[in-house]
Amino acid sequence: MTRRRWIAERWDEATAAITGAQAEHFARVLRGQPGMHADVVAGGRVYHAEVAASSNAEVRFNLLTEIEAEPSLPITLVLSIFKYDRMEWALEKAVELGVSEIVPVIARRTERHLAQSAEKRAERWRRIAHEASQQSRRSDTPMVHAPVALLERIRAVPRGTRLVLAEQERTTTLRAALEAAQSAGGNEMPTIELAIGPEGGWAPEEEALFDANGWTAVSLGPRILRAETAAIAALSVTASMLE
Ligand code: SAH
């Protein structure tokens, strides 16, 4: 797990401070105390820091050591295979947005001819990921897994919070689910897995399987998005909450 980062409002060479809502969250909700360690972003650099003083109005940190900026976010995109040109566009954008792993999956409604040629396409997806990493100046290339049957991924051992994007979901928004994961994780930044369905959406038995295996169905709003739009929107919302 990556430690959650606090973006400083004020800083100098050796200290930094957060105020307002951030300070209140740190001090009151997370009960931040002097001596506690945290990662602090100050002027675009990330530091390992120690709390010097903490109140609901202001938390002050001593900056200890600079840590290398992390190249990717702890997000895995489980992407159903859909029409290649659109899927490849989504893949490229996902890399730009900082995803660390992409798992192409064959869903019930993945078109048959696409499913059959997926294995051969994986090399091309890796090349796209590599080029997108360079283009967006990432210092790593996300891992693009070999395509697997959706079922296998649904049942895989969980490594964090698992969210399945579903246009029929009406109560839980992606944002609310991420907030819940963040407060459950306290000072730790949770690892997030996001599953996006194919053009035809999830089959009812797939939805039931997600549910039975501990995935949470989440919504991006009442409009139905194309799969590639849903992927980019979901990643943007998640990245904005993690960074
Ligand atoms: N079944 C739909 C299309 C599916 S959209 C139809 O009626 O044509 C493809 C995928 O994008 C979905 O499986 C889901 O993962 C995601 N998606 C699209 N709109 C969404 C929304 N409003 N909220 C959450 N996920 C959405």
# chains A, B, ... in the order shown; residues from 1 in each chain; ligands from 1

$ residues_near_ligand --ligand "ligand 1" --cutoff "8 Å" --atoms "only C-alpha atoms and all ligand atoms" --output "list in words"
Val164, Leu165, Ala166, Glu167, Gln168, Glu169, Leu174, Ala195, Ile196, Gly197, Pro198, Glu199, Gly200, Gly201, Trp202, Val218, Ser219, Leu220, Gly221, Pro222, Arg223, Ile224, Leu225, Arg226, Ala227, Glu228, Thr229, Ala230 and Ala231 of chain A

$ select_by_dssp --residues "region 104-227 of chain A" --states "strand (DSSP E or B)" --output "PyMOL selection string"
chain A and resi 104-106+143-144+148-149+161-165+173+188-189+192-196+216-219

$ write_last_selection --atoms "N, CA and C atoms" --output "CSV table (one decimal), in the first residue's frame"
chain,number,residue,atom,x,y,z
A,104,PRO,N,-6.8,-7.1,-19.6
A,104,PRO,CA,-7.9,-7.3,-20.6
A,104,PRO,C,-8.7,-8.6,-20.3
A,105,VAL,N,-10.0,-8.5,-20.3
A,105,VAL,CA,-10.8,-9.7,-20.0
A,105,VAL,C,-11.8,-9.9,-21.0
A,106,ILE,N,-12.1,-11.2,-21.2
A,106,ILE,CA,-13.1,-11.6,-22.2
A,106,ILE,C,-14.4,-11.8,-21.4
A,143,MET,N,1.9,-2.7,-16.5
A,143,MET,CA,1.9,-4.1,-16.9
A,143,MET,C,0.5,-4.3,-17.7
A,144,VAL,N,0.6,-4.8,-18.9
A,144,VAL,CA,-0.6,-5.3,-19.6
A,144,VAL,C,-0.6,-6.8,-19.5
A,148,VAL,N,-7.6,-12.7,-20.1
A,148,VAL,CA,-8.2,-13.9,-19.4
A,148,VAL,C,-9.7,-13.8,-19.4
A,149,ALA,N,-10.3,-14.9,-19.1
A,149,ALA,CA,-11.8,-14.9,-19.0
A,149,ALA,C,-12.2,-14.1,-17.8
A,161,THR,N,-9.6,-2.6,-3.0
A,161,THR,CA,-11.0,-2.3,-3.2
A,161,THR,C,-11.4,-2.6,-4.6
A,162,ARG,N,-12.4,-3.5,-4.8
A,162,ARG,CA,-12.8,-3.9,-6.1
A,162,ARG,C,-14.1,-3.3,-6.5
A,163,LEU,N,-14.1,-2.5,-7.6
A,163,LEU,CA,-15.3,-1.8,-8.0
A,163,LEU,C,-15.7,-2.2,-9.4
A,164,VAL,N,-16.9,-2.5,-9.6
A,164,VAL,CA,-17.4,-2.8,-11.0
A,164,VAL,C,-18.3,-1.7,-11.4
A,165,LEU,N,-17.9,-1.1,-12.5
A,165,LEU,CA,-18.7,0.0,-13.1
A,165,LEU,C,-20.0,-0.6,-13.8
A,173,THR,N,-22.4,5.8,-5.9
A,173,THR,CA,-21.6,6.4,-6.9
A,173,THR,C,-20.1,6.0,-6.7
A,188,GLU,N,-3.5,5.1,5.0
A,188,GLU,CA,-3.0,4.4,3.8
A,188,GLU,C,-3.9,4.7,2.6
A,189,MET,N,-3.2,4.8,1.4
A,189,MET,CA,-3.9,5.0,0.2
A,189,MET,C,-4.4,3.6,-0.3
A,192,ILE,N,-6.9,0.2,-5.8
A,192,ILE,CA,-8.2,0.1,-6.4
A,192,ILE,C,-8.2,-0.7,-7.7
A,193,GLU,N,-9.2,-1.5,-7.8
A,193,GLU,CA,-9.4,-2.3,-9.0
A,193,GLU,C,-10.7,-1.8,-9.6
A,194,LEU,N,-10.7,-1.4,-10.9
A,194,LEU,CA,-11.9,-1.0,-11.6
A,194,LEU,C,-12.2,-1.8,-12.8
A,195,ALA,N,-13.5,-2.4,-12.8
A,195,ALA,CA,-13.8,-3.2,-14.0
A,195,ALA,C,-14.8,-2.5,-14.9
A,196,ILE,N,-14.5,-2.5,-16.2
A,196,ILE,CA,-15.4,-1.9,-17.2
A,196,ILE,C,-15.9,-2.9,-18.1
A,216,THR,N,-18.0,-4.3,-5.5
A,216,THR,CA,-19.1,-3.3,-5.3
A,216,THR,C,-19.4,-2.7,-6.6
A,217,ALA,N,-20.7,-2.7,-7.0
A,217,ALA,CA,-21.2,-2.1,-8.2
A,217,ALA,C,-21.3,-0.6,-8.0
A,218,VAL,N,-20.7,0.2,-8.9
A,218,VAL,CA,-20.8,1.7,-8.7
A,218,VAL,C,-21.2,2.4,-10.0
A,219,SER,N,-21.7,3.6,-9.8
A,219,SER,CA,-22.3,4.3,-11.0
A,219,SER,C,-21.4,5.6,-11.2

$ residues_around --residues "region 43-60 of chain A" --least-positions-apart "6" --cutoff "10 Å" --atoms "only C-alpha atoms" --output "compact mmCIF listing (two decimals) with N, CA and C atoms, in the first residue's frame"
# COMPACT_ATOMS: atom_id res chain seq x y z
N ARG A 3 1.36 5.13 1.08
CA ARG A 3 0.84 6.02 2.10
C ARG A 3 0.13 7.21 1.43
N ARG A 5 -1.02 10.89 0.56
CA ARG A 5 -0.22 12.11 0.48
C ARG A 5 -1.02 13.34 0.84
N TRP A 6 -0.36 14.26 1.49
CA TRP A 6 -0.99 15.52 1.88
C TRP A 6 -0.33 16.63 1.07
N ILE A 7 -1.14 17.45 0.45
CA ILE A 7 -0.57 18.51 -0.39
C ILE A 7 -0.48 19.79 0.44
N ALA A 8 0.76 20.23 0.68
CA ALA A 8 0.99 21.37 1.57
C ALA A 8 0.49 22.68 0.96
N GLU A 9 -0.06 23.51 1.83
CA GLU A 9 -0.48 24.84 1.38
C GLU A 9 0.67 25.83 1.53
N ARG A 10 1.52 25.58 2.53
CA ARG A 10 2.69 26.46 2.74
C ARG A 10 3.89 25.57 3.00
N TRP A 11 5.04 26.02 2.59
CA TRP A 11 6.25 25.23 2.86
C TRP A 11 7.48 26.10 2.72
N ASP A 12 8.56 25.63 3.36
CA ASP A 12 9.87 26.21 3.08
C ASP A 12 10.82 25.04 2.95
N ALA A 14 12.50 23.25 5.04
CA ALA A 14 12.48 22.16 6.02
C ALA A 14 11.11 21.82 6.59
N THR A 15 10.13 22.69 6.36
CA THR A 15 8.81 22.44 6.96
C THR A 15 7.70 22.66 5.93
N ALA A 16 6.52 22.17 6.27
CA ALA A 16 5.35 22.38 5.40
C ALA A 16 4.11 22.36 6.28
N ALA A 17 3.02 22.92 5.79
CA ALA A 17 1.79 22.94 6.58
C ALA A 17 0.56 22.74 5.70
N ILE A 18 -0.42 22.05 6.28
CA ILE A 18 -1.73 21.98 5.63
C ILE A 18 -2.72 22.71 6.53
N THR A 19 -3.75 23.30 5.92
CA THR A 19 -4.73 24.06 6.70
C THR A 19 -6.13 23.65 6.24
N GLY A 20 -7.13 24.34 6.74
CA GLY A 20 -8.50 24.17 6.27
C GLY A 20 -9.00 22.73 6.37
N ALA A 21 -9.71 22.31 5.34
CA ALA A 21 -10.37 21.00 5.37
C ALA A 21 -9.36 19.85 5.50
N GLN A 22 -8.20 20.00 4.86
CA GLN A 22 -7.18 18.95 4.94
C GLN A 22 -6.71 18.78 6.39
N ALA A 23 -6.45 19.93 7.03
CA ALA A 23 -5.97 19.88 8.42
C ALA A 23 -7.03 19.28 9.33
N GLU A 24 -8.25 19.69 9.10
CA GLU A 24 -9.32 19.19 9.94
C GLU A 24 -9.47 17.67 9.79
N HIS A 25 -9.38 17.22 8.54
CA HIS A 25 -9.49 15.78 8.29
C HIS A 25 -8.35 15.04 8.97
N PHE A 26 -7.16 15.58 8.82
CA PHE A 26 -5.98 14.93 9.40
C PHE A 26 -6.07 14.87 10.92
N ALA A 27 -6.41 16.02 11.53
CA ALA A 27 -6.37 16.12 12.98
C ALA A 27 -7.58 15.45 13.64
N ARG A 28 -8.75 15.70 13.07
CA ARG A 28 -9.96 15.24 13.76
C ARG A 28 -10.35 13.82 13.34
N VAL A 29 -10.41 13.59 12.03
CA VAL A 29 -10.87 12.29 11.56
C VAL A 29 -9.80 11.22 11.74
N ARG A 31 -7.07 11.58 13.58
CA ARG A 31 -6.40 11.78 14.87
C ARG A 31 -4.88 11.88 14.73
N GLY A 32 -4.46 12.72 13.79
CA GLY A 32 -3.02 12.93 13.58
C GLY A 32 -2.38 13.57 14.80
N GLN A 33 -1.28 13.00 15.25
CA GLN A 33 -0.58 13.49 16.45
C GLN A 33 0.86 13.84 16.10
N PRO A 34 1.48 14.75 16.86
CA PRO A 34 2.90 15.01 16.66
C PRO A 34 3.69 13.70 16.73
N GLY A 35 4.66 13.57 15.88
CA GLY A 35 5.47 12.35 15.86
C GLY A 35 5.03 11.38 14.78
N MET A 36 3.77 11.51 14.33
CA MET A 36 3.28 10.60 13.27
C MET A 36 3.98 10.89 11.95
N HIS A 37 4.13 9.86 11.13
CA HIS A 37 4.76 10.07 9.84
C HIS A 37 3.72 10.17 8.73
N GLU A 66 13.35 13.56 0.85
CA GLU A 66 12.55 13.60 -0.37
C GLU A 66 12.41 12.17 -0.90
N ILE A 67 11.22 11.83 -1.33
CA ILE A 67 11.07 10.50 -1.94
C ILE A 67 10.83 10.66 -3.43
N GLU A 68 11.28 9.68 -4.15
CA GLU A 68 11.13 9.77 -5.59
C GLU A 68 9.65 9.78 -5.94
N ALA A 69 9.25 10.69 -6.81
CA ALA A 69 7.84 10.77 -7.18
C ALA A 69 7.40 9.44 -7.77
N GLU A 70 6.26 8.97 -7.35
CA GLU A 70 5.80 7.67 -7.84
C GLU A 70 5.29 7.77 -9.25

$ closest_residue --among "A:Val95, A:Ala212, A:Ala115, A:Leu63" --to "Phe82 (chain A)" --atoms "only C-alpha atoms"
A:Ala115

$ select_by_dssp --residues "region 32-233 of chain A" --states "helix (DSSP H, G or I)" --output "number ranges by chain"
A: 84-96, 112-135, 150-155, 174-185, 204-212, 227-233

$ atom_distance --atom1 "CA of Arg153 (chain A)" --atom2 "CA of Pro204 (chain A)"
16.7 Å

$ residues_around --residues "region 91-94 of chain A" --least-positions-apart "3" --cutoff "12 Å" --atoms "only C-alpha atoms" --output "PyMOL selection string"
chain A and resi 72-73+75-82+84-88+97-104+122+124-136+141-144+194+196+227-236+238-239

$ closest_residue --among "A:Ala107, A:Ala90, A:Val237, A:Ile154" --to "Phe210 (chain A)" --atoms "only C-alpha atoms"
A:Ile154

$ decode --residues "region 176-187 of chain A" --atoms "N, CA, C and O atoms" --output "mmCIF file, in the first residue's frame"
data_model
loop_
_atom_site.group_PDB
_atom_site.id
_atom_site.type_symbol
_atom_site.label_atom_id
_atom_site.label_comp_id
_atom_site.auth_asym_id
_atom_site.auth_seq_id
_atom_site.Cartn_x
_atom_site.Cartn_y
_atom_site.Cartn_z
ATOM 1 N N ALA A 176 -18.512 7.914 -3.918
ATOM 2 C CA ALA A 176 -18.874 7.495 -2.554
ATOM 3 C C ALA A 176 -18.110 6.223 -2.166
ATOM 4 O O ALA A 176 -17.624 6.097 -1.035
ATOM 5 N N ALA A 177 -17.999 5.295 -3.106
ATOM 6 C CA ALA A 177 -17.293 4.040 -2.805
ATOM 7 C C ALA A 177 -15.815 4.305 -2.544
ATOM 8 O O ALA A 177 -15.205 3.688 -1.658
ATOM 9 N N LEU A 178 -15.234 5.240 -3.282
ATOM 10 C CA LEU A 178 -13.820 5.562 -3.080
ATOM 11 C C LEU A 178 -13.614 6.252 -1.738
ATOM 12 O O LEU A 178 -12.630 5.992 -1.037
ATOM 13 N N GLU A 179 -14.553 7.106 -1.381
ATOM 14 C CA GLU A 179 -14.448 7.790 -0.091
ATOM 15 C C GLU A 179 -14.513 6.786 1.044
ATOM 16 O O GLU A 179 -13.762 6.867 2.008
ATOM 17 N N ALA A 180 -15.422 5.815 0.901
ATOM 18 C CA ALA A 180 -15.549 4.783 1.935
ATOM 19 C C ALA A 180 -14.251 3.993 2.043
ATOM 20 O O ALA A 180 -13.769 3.689 3.141
ATOM 21 N N ALA A 181 -13.639 3.668 0.881
ATOM 22 C CA ALA A 181 -12.385 2.904 0.899
ATOM 23 C C ALA A 181 -11.281 3.718 1.553
ATOM 24 O O ALA A 181 -10.457 3.188 2.304
ATOM 25 N N GLN A 182 -11.278 5.017 1.286
ATOM 26 C CA GLN A 182 -10.244 5.860 1.870
ATOM 27 C C GLN A 182 -10.389 5.968 3.377
ATOM 28 O O GLN A 182 -9.404 5.885 4.100
ATOM 29 N N SER A 183 -11.629 6.144 3.858
ATOM 30 C CA SER A 183 -11.726 6.261 5.318
ATOM 31 C C SER A 183 -11.460 4.930 5.989
ATOM 32 O O SER A 183 -10.891 4.894 7.075
ATOM 33 N N ALA A 184 -11.802 3.825 5.336
ATOM 34 C CA ALA A 184 -11.503 2.517 5.927
ATOM 35 C C ALA A 184 -9.994 2.295 5.985
ATOM 36 O O ALA A 184 -9.486 1.656 6.893
ATOM 37 N N GLY A 185 -9.264 2.859 5.015
ATOM 38 C CA GLY A 185 -7.813 2.667 4.961
ATOM 39 C C GLY A 185 -7.048 3.623 5.856
ATOM 40 O O GLY A 185 -5.840 3.502 5.983
ATOM 41 N N GLY A 186 -7.724 4.618 6.448
ATOM 42 C CA GLY A 186 -7.045 5.577 7.314
ATOM 43 C C GLY A 186 -5.989 6.335 6.553
ATOM 44 O O GLY A 186 -6.254 6.926 5.523
ATOM 45 N N ASN A 187 -4.769 6.257 7.041
ATOM 46 C CA ASN A 187 -3.681 7.020 6.441
ATOM 47 C C ASN A 187 -3.119 6.341 5.195
ATOM 48 O O ASN A 187 -2.316 6.900 4.485
#
